[in-house]
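Visitor: File follows, coords_13.pdb with PDB, C-alpha atoms, pLDDT in the B column:
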```pdb
ATOM      1  CA  MET A 406      15.113  -8.755  37.558  1.00 62.00           C
ATOM      2  CA  SER A 407      17.521  -8.391  34.656  1.00 83.00           C
ATOM      3  CA  ASP A 408      16.244  -7.097  31.350  1.00 87.00           C
ATOM      4  CA  HIS A 409      16.671 -10.440  29.596  1.00 90.00           C
ATOM      5  CA  ARG A 410      15.067 -12.356  32.489  1.00 95.00           C
ATOM      6  CA  GLU A 411      12.026 -10.071  32.289  1.00 95.00           C
ATOM      7  CA  PHE A 412      11.640 -10.910  28.596  1.00 96.00           C
ATOM      8  CA  GLU A 413      12.078 -14.650  29.255  1.00 97.00           C
ATOM      9  CA  ALA A 414       9.411 -14.595  31.966  1.00 97.00           C
ATOM     10  CA  GLU A 415       6.914 -12.840  29.718  1.00 97.00           C
ATOM     11  CA  ARG A 416       7.726 -15.123  26.777  1.00 98.00           C
ATOM     12  CA  GLU A 417       7.166 -18.188  28.979  1.00 98.00           C
ATOM     13  CA  LYS A 418       3.720 -16.882  29.976  1.00 98.00           C
ATOM     14  CA  ILE A 419       2.801 -16.396  26.317  1.00 98.00           C
ATOM     15  CA  ASP A 420       4.117 -19.828  25.335  1.00 98.00           C
ATOM     16  CA  PHE A 421       2.278 -21.495  28.220  1.00 97.00           C
ATOM     17  CA  LEU A 422      -1.069 -20.064  27.145  1.00 96.00           C
ATOM     18  CA  LEU A 423      -0.468 -21.010  23.514  1.00 96.00           C
ATOM     19  CA  GLU A 424       0.439 -24.567  24.519  1.00 95.00           C
ATOM     20  CA  GLN A 425      -2.777 -24.795  26.548  1.00 93.00           C
ATOM     21  CA  GLY A 426      -4.880 -24.039  23.460  1.00 92.00           C
ATOM     22  CA  TYR A 427      -5.311 -20.276  23.659  1.00 94.00           C
ATOM     23  CA  ILE A 428      -5.015 -17.912  20.702  1.00 95.00           C
ATOM     24  CA  ILE A 429      -4.378 -14.179  20.688  1.00 96.00           C
ATOM     25  CA  LYS A 430      -7.744 -12.493  20.340  1.00 95.00           C
ATOM     26  CA  GLU A 431      -7.077  -8.822  21.096  1.00 96.00           C
ATOM     27  CA  VAL A 432      -4.239  -6.409  21.701  1.00 96.00           C
ATOM     28  CA  THR A 433      -4.313  -3.005  23.361  1.00 96.00           C
ATOM     29  CA  GLU A 434      -1.071  -1.068  23.399  1.00 94.00           C
ATOM     30  CA  ASN A 435      -0.287   2.076  25.323  1.00 93.00           C
ATOM     31  CA  MET A 436       2.647   3.800  26.962  1.00 92.00           C
ATOM     32  CA  SER A 437       2.717   1.276  29.806  1.00 89.00           C
ATOM     33  CA  GLY A 438       3.046  -1.781  27.587  1.00 93.00           C
ATOM     34  CA  ALA A 439       0.640  -4.083  25.806  1.00 97.00           C
ATOM     35  CA  PHE A 440      -2.413  -5.855  27.125  1.00 97.00           C
ATOM     36  CA  VAL A 441      -2.844  -9.081  25.191  1.00 98.00           C
ATOM     37  CA  GLY A 442      -6.098 -11.005  25.403  1.00 97.00           C
ATOM     38  CA  PHE A 443      -6.065 -14.752  24.810  1.00 97.00           C
ATOM     39  CA  GLU A 444      -9.148 -16.840  24.065  1.00 95.00           C
ATOM     40  CA  TYR A 445      -9.335 -20.554  24.789  1.00 94.00           C
ATOM     41  CA  THR A 446     -10.147 -22.637  21.709  1.00 88.00           C
ATOM     42  CA  GLY A 447     -10.075 -26.132  23.210  1.00 82.00           C
ATOM     43  CA  SER A 448     -12.858 -28.302  24.575  1.00 82.00           C
ATOM     44  CA  ASP A 449     -11.941 -28.341  28.279  1.00 80.00           C
ATOM     45  CA  ALA A 450     -14.879 -26.591  29.949  1.00 76.00           C
ATOM     46  CA  GLU A 451     -12.935 -26.132  33.194  1.00 77.00           C
ATOM     47  CA  LYS A 452     -10.386 -23.772  31.642  1.00 76.00           C
ATOM     48  CA  SER A 453     -10.953 -20.053  31.682  1.00 81.00           C
ATOM     49  CA  GLN A 454     -12.248 -18.923  28.307  1.00 92.00           C
ATOM     50  CA  TYR A 455     -10.203 -15.696  28.438  1.00 94.00           C
ATOM     51  CA  GLU A 456      -6.835 -14.698  29.856  1.00 95.00           C
ATOM     52  CA  ARG A 457      -5.120 -11.327  29.729  1.00 97.00           C
ATOM     53  CA  LEU A 458      -1.414 -10.553  30.031  1.00 97.00           C
ATOM     54  CA  HIS A 459       0.228  -7.190  30.604  1.00 97.00           C
ATOM     55  CA  LEU A 460       3.526  -7.251  28.713  1.00 97.00           C
ATOM     56  CA  LEU A 461       6.085  -4.575  29.468  1.00 95.00           C
ATOM     57  CA  HIS A 462       9.242  -5.665  27.670  1.00 95.00           C
ATOM     58  CA  PRO A 463       9.687  -4.467  24.043  1.00 93.00           C
ATOM     59  CA  ASP A 464      10.993  -7.870  22.942  1.00 95.00           C
ATOM     60  CA  SER A 465       7.871  -9.534  24.341  1.00 96.00           C
ATOM     61  CA  ARG A 466       5.794  -7.175  22.258  1.00 95.00           C
ATOM     62  CA  LYS A 467       7.754  -8.146  19.155  1.00 95.00           C
ATOM     63  CA  TYR A 468       7.380 -11.823  20.078  1.00 97.00           C
ATOM     64  CA  PHE A 469       3.590 -11.798  20.377  1.00 96.00           C
ATOM     65  CA  SER A 470       3.350  -9.697  17.200  1.00 95.00           C
ATOM     66  CA  THR A 471       5.166 -12.421  15.278  1.00 96.00           C
ATOM     67  CA  ILE A 472       2.833 -15.053  16.715  1.00 97.00           C
ATOM     68  CA  LEU A 473      -0.190 -12.945  15.821  1.00 95.00           C
ATOM     69  CA  VAL A 474       0.938 -12.679  12.193  1.00 95.00           C
ATOM     70  CA  GLN A 475       1.453 -16.469  12.067  1.00 94.00           C
ATOM     71  CA  GLN A 476      -2.049 -17.021  13.480  1.00 93.00           C
ATOM     72  CA  GLN A 477      -3.563 -14.720  10.867  1.00 92.00           C
ATOM     73  CA  LYS A 478      -1.731 -16.472   8.022  1.00 91.00           C
ATOM     74  CA  LYS A 479      -2.893 -19.854   9.296  1.00 88.00           C
ATOM     75  CA  GLN A 480      -6.467 -18.590   9.574  1.00 84.00           C
ATOM     76  CA  LYS A 481      -6.405 -17.313   5.959  1.00 82.00           C
ATOM     77  CA  VAL A 482      -5.115 -20.674   4.720  1.00 82.00           C
ATOM     78  CA  ASN A 483      -7.865 -22.494   6.614  1.00 80.00           C
ATOM     79  CA  GLU A 484     -10.515 -20.165   5.213  1.00 77.00           C
ATOM     80  CA  THR A 485      -9.411 -20.708   1.605  1.00 79.00           C
ATOM     81  CA  SER A 486      -9.031 -24.488   1.873  1.00 70.00           C
ATOM     82  CA  PRO A 487     -11.990 -26.498   0.528  1.00 66.00           C
TER      83      PRO A 487
END
```
Output the file's structure as structure tokens, nothing else.

Guide:
Amino acid sequence: MSDHREFEAEREKIDFLLEQGYIIKEVTENMSGAFVGFEYTGSDAEKSQYERLHLLHPDSRKYFSTILVQQQKKQKVNETSP
């Protein structure tokens, strides 16, 4: 698989989980990539409450990092809103 195709495939997996109502809950990085844990925040009881992806491509790691920062900013805004 080409380098760019590998990134696209990993990005699509991330986007799919986010569209389904998951949020990034934990990240473990090591020399073999990043393990990203997603937690389901919706009301569908049939969905798995936790999914984990192993991301190898450096651009995928940058991509989920950007999403994580956006999630944290959104959470801070929600916490400070009356």

Visitor: Applying the PyMOL selection byres ((chain A and resi 461) around 8) to the file I just gave you, which residues come out? Please list them as a PyMOL selection string.

Guide: chain A and resi 437-439+459-460+462-463+465-466

Visitor: Can you tell me how far CA of Leu473 (chain A) sits from CA of Ser448 (chain A), in Å to one decimal?

Guide: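 Result for CA of Leu473 (chain A) versus CA of Ser448 (chain A): 21.7 Å, one decimal.
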
Visitor: Residues picked by the PyMOL selection byres ((chain A and resi 453) around 12) here, as a PyMOL selection string?

Guide: chain A and resi 422+425-427+443-452+454-457

Visitor: Provide the CA of Phe440 (chain A) to CA of Glu484 (chain A) distance in Å, to one decimal place.

Guide: 27.4 Å

Visitor: Interatomic distance between CA of Glu417 (chain A) and CA of Lys481 (chain A)?

Guide: 26.7 Å

Visitor: Using all atoms listed in the file, find the one residue out of A:Asp464, A:Phe469, A:Met436, A:Gln476 that sits nearest to Arg410 (chain A).

Guide: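 Closest candidate: A:Asp464.
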
Visitor: Using all atoms listed in the file, can you tell me which of A:Gln480, A:Asn435, A:Ile472, A:Glu411 comes closest to Leu423 (chain A)?

Guide: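 Checking each of A:Gln480, A:Asn435, A:Ile472, A:Glu411 against Leu423 (chain A), counting all atoms listed in the file, the winner is A:Ile472.
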
Visitor: Tell me which of A:Gly442, A:Val432, A:His409, A:Thr485 sits closest to Ser470 (chain A), counting only C-alpha atoms.

Guide: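 Of A:Gly442, A:Val432, A:His409, A:Thr485, the one nearest Ser470 (chain A) is A:Val432, counting only C-alpha atoms.
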
Visitor: Given 5 Å of margin on each side, can you work out the centre and size in Å (one decimal) of an axis-aligned box holding every listed atom of region 410-418 of chain A, as AutoDock Vina command-line options?

Guide:
```
--center_x 9.4 --center_y -14.1 --center_z 29.6 --size_x 21.3 --size_y 18.1 --size_z 15.7
```
